[in-house]
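Chemist: So here's data-v5.txt (compact mmCIF, C-alpha atoms and all ligand atoms).
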# COMPACT_ATOMS: atom_id res chain seq x y z
CA MET A 1 -18.94 4.53 -0.11
CA MET A 2 -17.38 2.01 -2.51
CA ASN A 3 -20.69 1.78 -4.35
CA SER A 4 -19.02 -0.05 -7.22
CA LEU A 5 -18.47 -3.06 -4.94
CA PRO A 6 -21.27 -5.51 -4.16
CA ASP A 7 -23.41 -4.66 -1.12
CA GLN A 8 -21.98 -6.32 2.00
CA PHE A 9 -18.49 -6.42 0.56
CA HIS A 10 -15.48 -7.73 2.51
CA ALA A 11 -12.30 -5.72 3.02
CA LEU A 12 -8.78 -6.44 4.25
CA VAL A 13 -6.17 -3.88 5.31
CA ILE A 14 -2.54 -4.97 5.67
CA GLY A 15 -0.58 -2.55 7.82
CA ALA A 16 -3.70 -1.71 9.83
CA SER A 17 -1.54 -0.47 12.72
CA GLY A 18 -0.21 2.38 10.59
CA THR A 19 -1.69 5.85 10.48
CA ILE A 20 -3.18 5.52 7.00
CA GLY A 21 -4.00 1.81 7.41
CA ALA A 22 -5.97 2.54 10.58
CA ALA A 23 -7.86 5.34 8.81
CA PHE A 24 -8.90 2.89 6.06
CA VAL A 25 -10.13 0.44 8.71
CA ASP A 26 -12.11 3.18 10.50
CA LEU A 27 -13.79 4.41 7.33
CA LEU A 28 -14.67 0.92 6.13
CA GLU A 29 -16.05 -0.04 9.55
CA GLN A 30 -18.36 2.98 9.36
CA SER A 31 -19.75 1.96 5.97
CA PRO A 32 -23.05 0.06 6.21
CA ARG A 33 -22.26 -1.51 2.82
CA CYS A 34 -19.11 -3.13 4.17
CA ALA A 35 -19.85 -6.51 5.80
CA SER A 36 -16.43 -7.01 7.37
CA VAL A 37 -13.02 -5.35 7.65
CA ARG A 38 -10.04 -7.44 8.61
CA GLY A 39 -6.94 -5.57 9.76
CA LEU A 40 -3.55 -7.29 9.80
CA HIS A 41 -0.24 -5.97 11.09
CA ARG A 42 2.87 -7.08 12.95
CA GLN A 43 0.99 -7.61 16.25
CA SER A 44 -2.32 -8.96 14.91
CA THR A 45 -3.46 -12.59 14.92
CA PRO A 46 -2.42 -13.80 12.45
CA ALA A 47 0.54 -11.41 12.23
CA ILE A 48 2.20 -10.10 9.09
CA ASP A 49 5.83 -9.11 9.50
CA PHE A 50 7.70 -8.64 6.25
CA ALA A 51 10.96 -9.48 7.99
CA ASN A 52 9.50 -12.97 8.45
CA GLU A 53 8.76 -14.37 4.99
CA ALA A 54 6.66 -17.26 6.27
CA SER A 55 4.33 -14.92 8.16
CA VAL A 56 2.86 -13.63 4.90
CA ALA A 57 1.97 -17.08 3.58
CA ASP A 58 0.77 -18.19 7.01
CA ALA A 59 -1.53 -15.17 7.37
CA ALA A 60 -3.04 -15.73 3.92
CA GLN A 61 -3.52 -19.40 4.77
CA ALA A 62 -5.29 -18.46 8.00
CA LEU A 63 -7.69 -16.22 6.09
CA ALA A 64 -8.32 -18.67 3.26
CA ASN A 65 -11.30 -20.23 5.06
CA GLY A 66 -12.96 -16.83 5.43
CA PRO A 67 -14.69 -14.65 2.85
CA ARG A 68 -13.13 -13.63 -0.48
CA TYR A 69 -12.14 -9.97 -0.40
CA HIS A 70 -13.58 -7.29 -2.65
CA LEU A 71 -11.04 -4.75 -1.41
CA ILE A 72 -7.49 -5.34 -0.19
CA VAL A 73 -5.34 -2.36 0.79
CA ASN A 74 -1.67 -2.72 1.63
CA ALA A 75 -0.70 0.30 3.75
CA THR A 76 2.69 -0.80 5.03
CA GLY A 77 5.88 1.14 4.46
CA VAL A 78 8.99 2.65 6.04
CA LEU A 79 10.89 5.85 5.40
CA HIS A 80 12.95 6.08 8.59
CA ASP A 81 13.32 4.40 11.93
CA GLY A 82 14.70 5.64 15.20
CA ALA A 83 18.28 5.11 14.06
CA THR A 84 18.23 5.89 10.34
CA MET A 85 16.94 8.77 8.27
CA PRO A 86 16.56 8.65 4.46
CA GLU A 87 19.87 9.06 2.64
CA LYS A 88 20.54 12.57 1.33
CA ARG A 89 23.64 11.76 -0.68
CA LEU A 90 25.53 8.84 -2.21
CA ALA A 91 27.95 8.94 0.72
CA ASP A 92 25.08 7.90 3.03
CA LEU A 93 24.33 4.63 1.19
CA ASN A 94 24.80 1.38 3.11
CA TYR A 95 23.52 -2.18 2.83
CA PRO A 96 21.63 -2.43 6.14
CA GLN A 97 19.46 0.61 5.36
CA MET A 98 18.91 -0.37 1.73
CA GLN A 99 18.04 -3.94 2.70
CA ALA A 100 15.65 -2.91 5.47
CA THR A 101 13.90 -0.40 3.21
CA PHE A 102 13.50 -2.86 0.34
CA MET A 103 12.34 -5.56 2.75
CA ALA A 104 9.52 -3.40 4.08
CA ASN A 105 8.57 -1.43 0.96
CA THR A 106 9.23 -3.83 -1.90
CA PHE A 107 9.80 -7.50 -1.04
CA GLY A 108 7.11 -7.68 1.66
CA PRO A 109 4.40 -6.03 -0.44
CA ALA A 110 5.39 -8.26 -3.38
CA LEU A 111 4.86 -11.34 -1.21
CA ALA A 112 1.57 -9.87 -0.02
CA MET A 113 0.47 -9.68 -3.67
CA ARG A 114 1.58 -13.26 -4.19
CA HIS A 115 -0.33 -14.68 -1.24
CA PHE A 116 -3.37 -12.38 -1.06
CA ALA A 117 -4.28 -11.86 -4.74
CA PRO A 118 -5.73 -15.41 -4.75
CA LEU A 119 -8.11 -14.29 -1.97
CA LEU A 120 -9.72 -11.59 -4.15
CA ALA A 121 -13.40 -12.09 -4.92
CA GLY A 122 -14.25 -13.37 -8.39
CA GLU A 123 -16.69 -10.56 -9.07
CA ARG A 124 -15.33 -7.02 -8.93
CA ALA A 125 -12.32 -6.79 -6.61
CA ILE A 126 -9.64 -4.17 -5.99
CA MET A 127 -6.13 -4.56 -4.58
CA ALA A 128 -4.45 -1.24 -3.79
CA MET A 129 -0.79 -1.08 -2.83
CA LEU A 130 0.28 2.17 -1.19
CA SER A 131 3.25 3.56 -3.06
CA ALA A 132 4.59 7.13 -3.16
CA LYS A 133 5.00 9.83 -5.76
CA VAL A 134 8.66 10.14 -4.80
CA GLY A 135 8.98 6.63 -6.27
CA SER A 136 8.23 8.13 -9.68
CA ILE A 137 11.41 8.16 -11.77
CA GLY A 138 9.87 10.62 -14.24
CA ASP A 139 8.91 13.03 -11.47
CA ASN A 140 12.22 12.92 -9.55
CA ARG A 141 13.44 16.50 -9.49
CA LEU A 142 14.95 16.87 -6.04
CA GLY A 143 16.99 13.69 -5.64
CA GLY A 144 17.77 12.29 -2.18
CA TRP A 145 15.88 9.59 -0.26
CA TYR A 146 17.71 6.97 -2.33
CA SER A 147 16.44 3.75 -0.78
CA TYR A 148 12.87 4.93 -0.29
CA ARG A 149 12.57 6.25 -3.84
CA ALA A 150 14.14 3.13 -5.32
CA SER A 151 12.09 0.76 -3.16
CA LYS A 152 8.84 2.39 -4.31
CA ALA A 153 9.95 2.49 -7.98
CA ALA A 154 10.68 -1.23 -7.74
CA LEU A 155 7.37 -1.81 -5.96
CA ASN A 156 5.60 -0.03 -8.83
CA MET A 157 7.23 -2.40 -11.34
CA LEU A 158 6.16 -5.41 -9.28
CA ILE A 159 2.58 -4.10 -9.12
CA LYS A 160 2.47 -3.49 -12.88
CA THR A 161 3.90 -6.94 -13.58
CA ALA A 162 1.50 -8.63 -11.17
CA ALA A 163 -1.45 -6.73 -12.67
CA ILE A 164 -0.65 -8.15 -16.11
CA GLU A 165 -0.55 -11.69 -14.74
CA VAL A 166 -3.58 -11.41 -12.47
CA ALA A 167 -5.68 -9.95 -15.33
CA ARG A 168 -5.29 -13.22 -17.24
CA THR A 169 -7.19 -15.27 -14.68
CA GLN A 170 -9.05 -12.72 -12.53
CA LYS A 171 -10.57 -10.56 -15.23
CA ASN A 172 -12.68 -8.41 -12.90
CA SER A 173 -9.83 -7.45 -10.61
CA VAL A 174 -8.01 -4.12 -10.39
CA LEU A 175 -4.47 -3.97 -8.98
CA VAL A 176 -2.97 -0.50 -8.58
CA ALA A 177 -0.16 1.53 -7.03
CA LEU A 178 -1.69 4.35 -5.00
CA HIS A 179 -0.11 7.59 -3.75
CA PRO A 180 -1.83 8.94 -0.61
CA GLY A 181 -0.43 12.47 -0.83
CA THR A 182 1.43 13.97 2.10
CA VAL A 183 -0.29 12.73 5.24
CA ASN A 184 0.30 13.61 8.87
CA SER A 185 1.64 10.28 10.13
CA ARG A 186 4.49 8.58 11.95
CA LEU A 187 6.26 8.21 8.62
CA SER A 188 6.11 11.91 7.69
CA LYS A 189 6.62 13.30 11.20
CA PRO A 190 10.37 14.08 10.89
CA PHE A 191 9.65 15.90 7.60
CA ARG A 192 7.16 18.48 8.84
CA GLY A 193 4.31 16.03 8.29
CA GLU A 194 2.25 17.65 11.02
CA ILE A 195 2.43 20.97 9.19
CA ILE A 196 2.30 19.98 5.53
CA GLY A 197 0.40 16.69 5.82
CA ARG A 198 -3.36 16.10 5.69
CA PRO A 199 -5.23 14.02 8.25
CA ALA A 200 -5.11 10.31 7.36
CA GLU A 201 -8.92 10.10 7.34
CA ALA A 202 -9.13 12.67 4.54
CA ALA A 203 -6.47 10.87 2.52
CA ALA A 204 -8.14 7.46 3.00
CA ALA A 205 -11.54 8.88 2.00
CA ASP A 206 -10.05 10.38 -1.17
CA MET A 207 -8.28 7.14 -2.04
CA LEU A 208 -11.45 5.07 -1.58
CA GLN A 209 -13.22 7.42 -3.97
CA VAL A 210 -10.45 6.94 -6.54
CA LEU A 211 -10.51 3.15 -6.16
CA ASP A 212 -14.30 3.09 -6.50
CA ALA A 213 -14.05 4.64 -9.97
CA LEU A 214 -11.35 2.30 -11.34
CA THR A 215 -12.18 -0.44 -13.84
CA PRO A 216 -10.19 -3.53 -14.84
CA ALA A 217 -8.86 -1.46 -17.78
CA ASP A 218 -7.11 0.72 -15.16
CA SER A 219 -5.35 -2.24 -13.55
CA GLY A 220 -1.59 -1.82 -13.42
CA SER A 221 -1.72 1.98 -13.18
CA PHE A 222 -0.09 4.38 -10.70
CA ARG A 223 -2.69 6.73 -9.22
CA SER A 224 -2.66 9.73 -6.99
CA TYR A 225 -5.25 10.33 -4.24
CA ASN A 226 -7.01 12.76 -6.62
CA GLY A 227 -7.37 10.11 -9.31
CA ALA A 228 -4.63 11.50 -11.57
CA GLU A 229 -2.35 9.01 -13.27
CA LEU A 230 1.27 9.52 -12.14
CA PRO A 231 4.34 9.08 -14.35
CA TRP A 232 6.34 5.92 -13.62
N1 LIG A 301 2.55 9.69 5.19
C1 LIG A 301 2.84 10.18 4.01
O1 LIG A 301 2.97 11.41 3.83
C2 LIG A 301 3.02 9.26 2.84
C3 LIG A 301 3.31 9.83 1.58
C4 LIG A 301 3.50 8.98 0.50
C5 LIG A 301 3.34 7.60 0.65
N2 LIG A 301 3.06 7.08 1.88
C6 LIG A 301 2.92 5.62 2.00
O2 LIG A 301 1.72 5.29 2.68
C7 LIG A 301 1.89 4.05 3.38
C8 LIG A 301 1.44 4.20 4.84
O3 LIG A 301 2.25 5.13 5.49
P1 LIG A 301 1.86 5.84 6.87
O4 LIG A 301 2.11 7.28 6.66
O5 LIG A 301 0.54 5.37 7.36
O6 LIG A 301 3.04 5.29 7.81
P2 LIG A 301 3.03 4.69 9.30
O7 LIG A 301 2.02 5.36 10.14
O8 LIG A 301 4.44 4.72 9.73
O9 LIG A 301 2.56 3.16 9.08
C9 LIG A 301 3.42 2.22 8.48
C10 LIG A 301 2.83 0.84 8.56
O10 LIG A 301 3.76 -0.08 7.95
C11 LIG A 301 3.98 -1.15 8.86
N3 LIG A 301 5.30 -1.76 8.67
C12 LIG A 301 6.51 -1.15 8.64
N4 LIG A 301 7.48 -2.06 8.46
C13 LIG A 301 6.87 -3.27 8.37
C14 LIG A 301 7.33 -4.61 8.22
N5 LIG A 301 8.63 -4.90 8.09
N6 LIG A 301 6.42 -5.60 8.18
C15 LIG A 301 5.12 -5.34 8.31
N7 LIG A 301 4.61 -4.11 8.47
C16 LIG A 301 5.48 -3.09 8.51
C17 LIG A 301 3.84 -0.51 10.23
O11 LIG A 301 3.68 -1.50 11.21
P3 LIG A 301 4.02 -1.21 12.79
O12 LIG A 301 2.83 -0.45 13.31
O13 LIG A 301 4.16 -2.58 13.36
O14 LIG A 301 5.29 -0.41 12.80
C18 LIG A 301 2.60 0.32 9.99
O15 LIG A 301 1.45 -0.49 10.00
C19 LIG A 301 3.38 3.66 3.21
O16 LIG A 301 3.48 2.76 2.12
C20 LIG A 301 4.03 4.99 2.83
O17 LIG A 301 5.20 4.79 2.06
C21 LIG A 301 2.89 7.88 2.97
Would it be possible to restate this file's structure as structure tokens?

Modeler:
Amino acid sequence: MMNSLPDQFHALVIGASGTIGAAFVDLLEQSPRCASVRGLHRQSTPAIDFANEASVADAAQALANGPRYHLIVNATGVLHDGATMPEKRLADLNYPQMQATFMANTFGPALAMRHFAPLLAGERAIMAMLSAKVGSIGDNRLGGWYSYRASKAALNMLIKTAAIEVARTQKNSVLVALHPGTVNSRLSKPFRGEIIGRPAEAAAADMLQVLDALTPADSGSFRSYNGAELPW
């Protein structure tokens, strides 16, 4: 697994407490070629909570004395919480929901790119940011889910922009937006995720295979779990 990375590579998963994040950690821990997997989340030490801007910088600082990472996966994201479900119509739009969604799906991951891209290994290294196909503007046929769609579309722009900058100084790095497919998880549960979603382990395995095949020329692209390039 991840044969394109050096033997005894180091990996970091942000959002390791999530369904898909935990599946990435499990798979990487099972790989004899992976020397270490670090999982960060809101309750880890150090903790990463996107509602607390300083926590992102502090966590990166705490890891700066450790190994450089050949693989960083950001698997954080929100679609709903106990109180709020994704907006179906314009009449549902409100600042608190839009702000909370953008905080978790857009601003937090952007800060994670800021503070963790410098920790990528100088030889081949991959940073994958979990996005979502419903964040594709070109593919939006059904409408609805305003904040979630917009937060992921904006995330995609931030990833593309960061990839252009990072390529200037870290020429062997690959920075991509990655769609996991529909996965049975906490996030998809209210939307028949248990019925229409795949197990997180299968999705994570597919995504690792896609990442393994990417080259620096692919940096800044939006990929599906099957390797296909998605429309922006
Ligand atoms: N499941 C799907 O069908 C599907 C489809 C398309 C895209 N995705 C994307 O895949 C990614 C993972 O989703 P999942 O299905 O694994 O969801 P999940 O099980 O709900 O996990 C979400 C993760 O995000 C973390 N998180 C949420 N808000 C945060 C915040 N403010 N600061 C820091 N961490 C925060 C959660 O931390 P806590 O454990 O502390 O809550 C958890 O680790 C997301 O980006 C999602 O948009 C999922």

Chemist: Once you count only C-alpha atoms and all ligand atoms, which residues end up within 7 Å of ligand LIG 301 (chain A), and could you hand them over as a ChimeraX atom specification?

Modeler: /A:15-21,41-43,48-51,75-79,103-105,108,130-133,179-188,193,197

Chemist: Tell me which residues come within 12 Å of (-4.6, 6.7, -1.5), as a ChimeraX atom specification, counting only C-alpha atoms in the file's coordinates.

Modeler: /A:20-21,23-24,73-75,127-133,176-183,198,200-212,222-228

Chemist: So what do you get for atom CA of A:Asp58 versus atom CA of A:Arg38, distance-wise?

Modeler: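 The value is 15.3 Å.
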
Chemist: For atom CA of A:Leu12 and atom CA of A:Ile159, determine how far apart the two atoms are, in Å to one decimal place.

Modeler: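 Taking atom CA of A:Leu12 as the start and atom CA of A:Ile159 as the end point, the length is 17.7 Å.
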
Chemist: Could you check how far atom CA of A:Glu53 sits from atom CA of A:Lys171, in Å to one decimal?

Modeler: 28.2 Å

Chemist: Selecting all heavy atoms, how would stretch 145-159 of chain A from this structure be written as a JSON list (two decimals), in the first residue's frame?

Modeler:
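Full text of part_20.json as output:
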[["chain", "number", "residue", "atom", "x", "y", "z"],
["A", 145, "TRP", "N", -28.82, 21.96, 0.06],
["A", 145, "TRP", "CA", -27.58, 21.84, 0.82],
["A", 145, "TRP", "C", -26.67, 23.05, 0.57],
["A", 145, "TRP", "O", -25.48, 22.92, 0.31],
["A", 145, "TRP", "CB", -26.84, 20.52, 0.49],
["A", 145, "TRP", "CG", -27.55, 19.29, 0.96],
["A", 145, "TRP", "CD1", -28.86, 19.16, 1.32],
["A", 145, "TRP", "CD2", -26.97, 17.97, 1.12],
["A", 145, "TRP", "NE1", -29.13, 17.86, 1.69],
["A", 145, "TRP", "CE2", -28.00, 17.10, 1.57],
["A", 145, "TRP", "CE3", -25.68, 17.45, 0.92],
["A", 145, "TRP", "CZ2", -27.77, 15.75, 1.83],
["A", 145, "TRP", "CZ3", -25.47, 16.10, 1.16],
["A", 145, "TRP", "CH2", -26.50, 15.26, 1.62],
["A", 146, "TYR", "N", -27.25, 24.24, 0.66],
["A", 146, "TYR", "CA", -26.56, 25.47, 0.28],
["A", 146, "TYR", "C", -25.19, 25.63, 0.93],
["A", 146, "TYR", "O", -24.19, 25.82, 0.25],
["A", 146, "TYR", "CB", -27.43, 26.69, 0.62],
["A", 146, "TYR", "CG", -28.56, 26.93, -0.36],
["A", 146, "TYR", "CD1", -29.77, 26.23, -0.24],
["A", 146, "TYR", "CD2", -28.44, 27.86, -1.37],
["A", 146, "TYR", "CE1", -30.81, 26.46, -1.13],
["A", 146, "TYR", "CE2", -29.48, 28.10, -2.26],
["A", 146, "TYR", "CZ", -30.66, 27.40, -2.14],
["A", 146, "TYR", "OH", -31.68, 27.61, -3.02],
["A", 147, "SER", "N", -25.18, 25.65, 2.26],
["A", 147, "SER", "CA", -23.91, 25.93, 2.95],
["A", 147, "SER", "C", -22.88, 24.85, 2.69],
["A", 147, "SER", "O", -21.71, 25.15, 2.47],
["A", 147, "SER", "CB", -24.13, 26.01, 4.47],
["A", 147, "SER", "OG", -24.96, 27.08, 4.80],
["A", 148, "TYR", "N", -23.30, 23.60, 2.73],
["A", 148, "TYR", "CA", -22.35, 22.49, 2.55],
["A", 148, "TYR", "C", -21.75, 22.56, 1.15],
["A", 148, "TYR", "O", -20.53, 22.49, 0.99],
["A", 148, "TYR", "CB", -23.07, 21.16, 2.79],
["A", 148, "TYR", "CG", -22.16, 19.95, 2.73],
["A", 148, "TYR", "CD1", -21.31, 19.64, 3.79],
["A", 148, "TYR", "CD2", -22.16, 19.10, 1.62],
["A", 148, "TYR", "CE1", -20.50, 18.51, 3.75],
["A", 148, "TYR", "CE2", -21.35, 17.98, 1.57],
["A", 148, "TYR", "CZ", -20.51, 17.68, 2.64],
["A", 148, "TYR", "OH", -19.70, 16.56, 2.59],
["A", 149, "ARG", "N", -22.62, 22.69, 0.15],
["A", 149, "ARG", "CA", -22.11, 22.78, -1.23],
["A", 149, "ARG", "C", -21.14, 23.95, -1.38],
["A", 149, "ARG", "O", -20.05, 23.79, -1.96],
["A", 149, "ARG", "CB", -23.27, 23.03, -2.21],
["A", 149, "ARG", "CG", -24.09, 21.82, -2.55],
["A", 149, "ARG", "CD", -25.10, 22.23, -3.64],
["A", 149, "ARG", "NE", -26.09, 21.20, -3.92],
["A", 149, "ARG", "CZ", -25.90, 20.16, -4.74],
["A", 149, "ARG", "NH1", -24.73, 19.99, -5.33],
["A", 149, "ARG", "NH2", -26.87, 19.29, -4.95],
["A", 150, "ALA", "N", -21.55, 25.11, -0.87],
["A", 150, "ALA", "CA", -20.73, 26.31, -1.05],
["A", 150, "ALA", "C", -19.42, 26.20, -0.27],
["A", 150, "ALA", "O", -18.37, 26.65, -0.74],
["A", 150, "ALA", "CB", -21.52, 27.55, -0.61],
["A", 151, "SER", "N", -19.48, 25.60, 0.91],
["A", 151, "SER", "CA", -18.27, 25.48, 1.73],
["A", 151, "SER", "C", -17.25, 24.57, 1.05],
["A", 151, "SER", "O", -16.04, 24.80, 1.15],
["A", 151, "SER", "CB", -18.61, 24.95, 3.14],
["A", 151, "SER", "OG", -19.00, 23.60, 3.11],
["A", 152, "LYS", "N", -17.73, 23.53, 0.38],
["A", 152, "LYS", "CA", -16.81, 22.61, -0.31],
["A", 152, "LYS", "C", -16.31, 23.22, -1.62],
["A", 152, "LYS", "O", -15.15, 23.01, -2.00],
["A", 152, "LYS", "CB", -17.50, 21.27, -0.56],
["A", 152, "LYS", "CG", -17.81, 20.47, 0.71],
["A", 152, "LYS", "CD", -16.55, 19.97, 1.42],
["A", 152, "LYS", "CE", -16.88, 18.93, 2.48],
["A", 152, "LYS", "NZ", -15.67, 18.41, 3.15],
["A", 153, "ALA", "N", -17.17, 23.99, -2.31],
["A", 153, "ALA", "CA", -16.71, 24.68, -3.53],
["A", 153, "ALA", "C", -15.60, 25.67, -3.17],
["A", 153, "ALA", "O", -14.58, 25.77, -3.88],
["A", 153, "ALA", "CB", -17.88, 25.39, -4.22],
["A", 154, "ALA", "N", -15.80, 26.39, -2.06],
["A", 154, "ALA", "CA", -14.78, 27.35, -1.63],
["A", 154, "ALA", "C", -13.52, 26.62, -1.16],
["A", 154, "ALA", "O", -12.40, 27.07, -1.42],
["A", 154, "ALA", "CB", -15.33, 28.23, -0.50],
["A", 155, "LEU", "N", -13.71, 25.49, -0.49],
["A", 155, "LEU", "CA", -12.55, 24.68, -0.09],
["A", 155, "LEU", "C", -11.75, 24.27, -1.33],
["A", 155, "LEU", "O", -10.52, 24.35, -1.35],
["A", 155, "LEU", "CB", -13.01, 23.44, 0.68],
["A", 155, "LEU", "CG", -11.92, 22.40, 0.97],
["A", 155, "LEU", "CD1", -10.86, 22.96, 1.92],
["A", 155, "LEU", "CD2", -12.52, 21.12, 1.54],
["A", 156, "ASN", "N", -12.46, 23.83, -2.37],
["A", 156, "ASN", "CA", -11.77, 23.40, -3.59],
["A", 156, "ASN", "C", -10.92, 24.53, -4.16],
["A", 156, "ASN", "O", -9.79, 24.31, -4.61],
["A", 156, "ASN", "CB", -12.79, 22.92, -4.63],
["A", 156, "ASN", "CG", -13.40, 21.57, -4.26],
["A", 156, "ASN", "OD1", -12.92, 20.91, -3.34],
["A", 156, "ASN", "ND2", -14.43, 21.17, -4.97],
["A", 157, "MET", "N", -11.45, 25.75, -4.16],
["A", 157, "MET", "CA", -10.68, 26.90, -4.66],
["A", 157, "MET", "C", -9.44, 27.13, -3.80],
["A", 157, "MET", "O", -8.35, 27.43, -4.33],
["A", 157, "MET", "CB", -11.55, 28.15, -4.70],
["A", 157, "MET", "CG", -10.82, 29.39, -5.17],
["A", 157, "MET", "SD", -10.08, 29.24, -6.81],
["A", 157, "MET", "CE", -11.37, 29.99, -7.81],
["A", 158, "LEU", "N", -9.59, 26.99, -2.49],
["A", 158, "LEU", "CA", -8.44, 27.19, -1.59],
["A", 158, "LEU", "C", -7.38, 26.11, -1.84],
["A", 158, "LEU", "O", -6.17, 26.40, -1.81],
["A", 158, "LEU", "CB", -8.91, 27.16, -0.13],
["A", 158, "LEU", "CG", -9.71, 28.40, 0.30],
["A", 158, "LEU", "CD1", -10.57, 28.10, 1.52],
["A", 158, "LEU", "CD2", -8.77, 29.57, 0.59],
["A", 159, "ILE", "N", -7.82, 24.88, -2.09],
["A", 159, "ILE", "CA", -6.86, 23.79, -2.35],
["A", 159, "ILE", "C", -6.11, 24.07, -3.64],
["A", 159, "ILE", "O", -4.88, 23.95, -3.70],
["A", 159, "ILE", "CB", -7.60, 22.43, -2.42],
["A", 159, "ILE", "CG1", -8.20, 22.08, -1.05],
["A", 159, "ILE", "CG2", -6.66, 21.33, -2.90],
["A", 159, "ILE", "CD1", -9.22, 20.94, -1.09]]
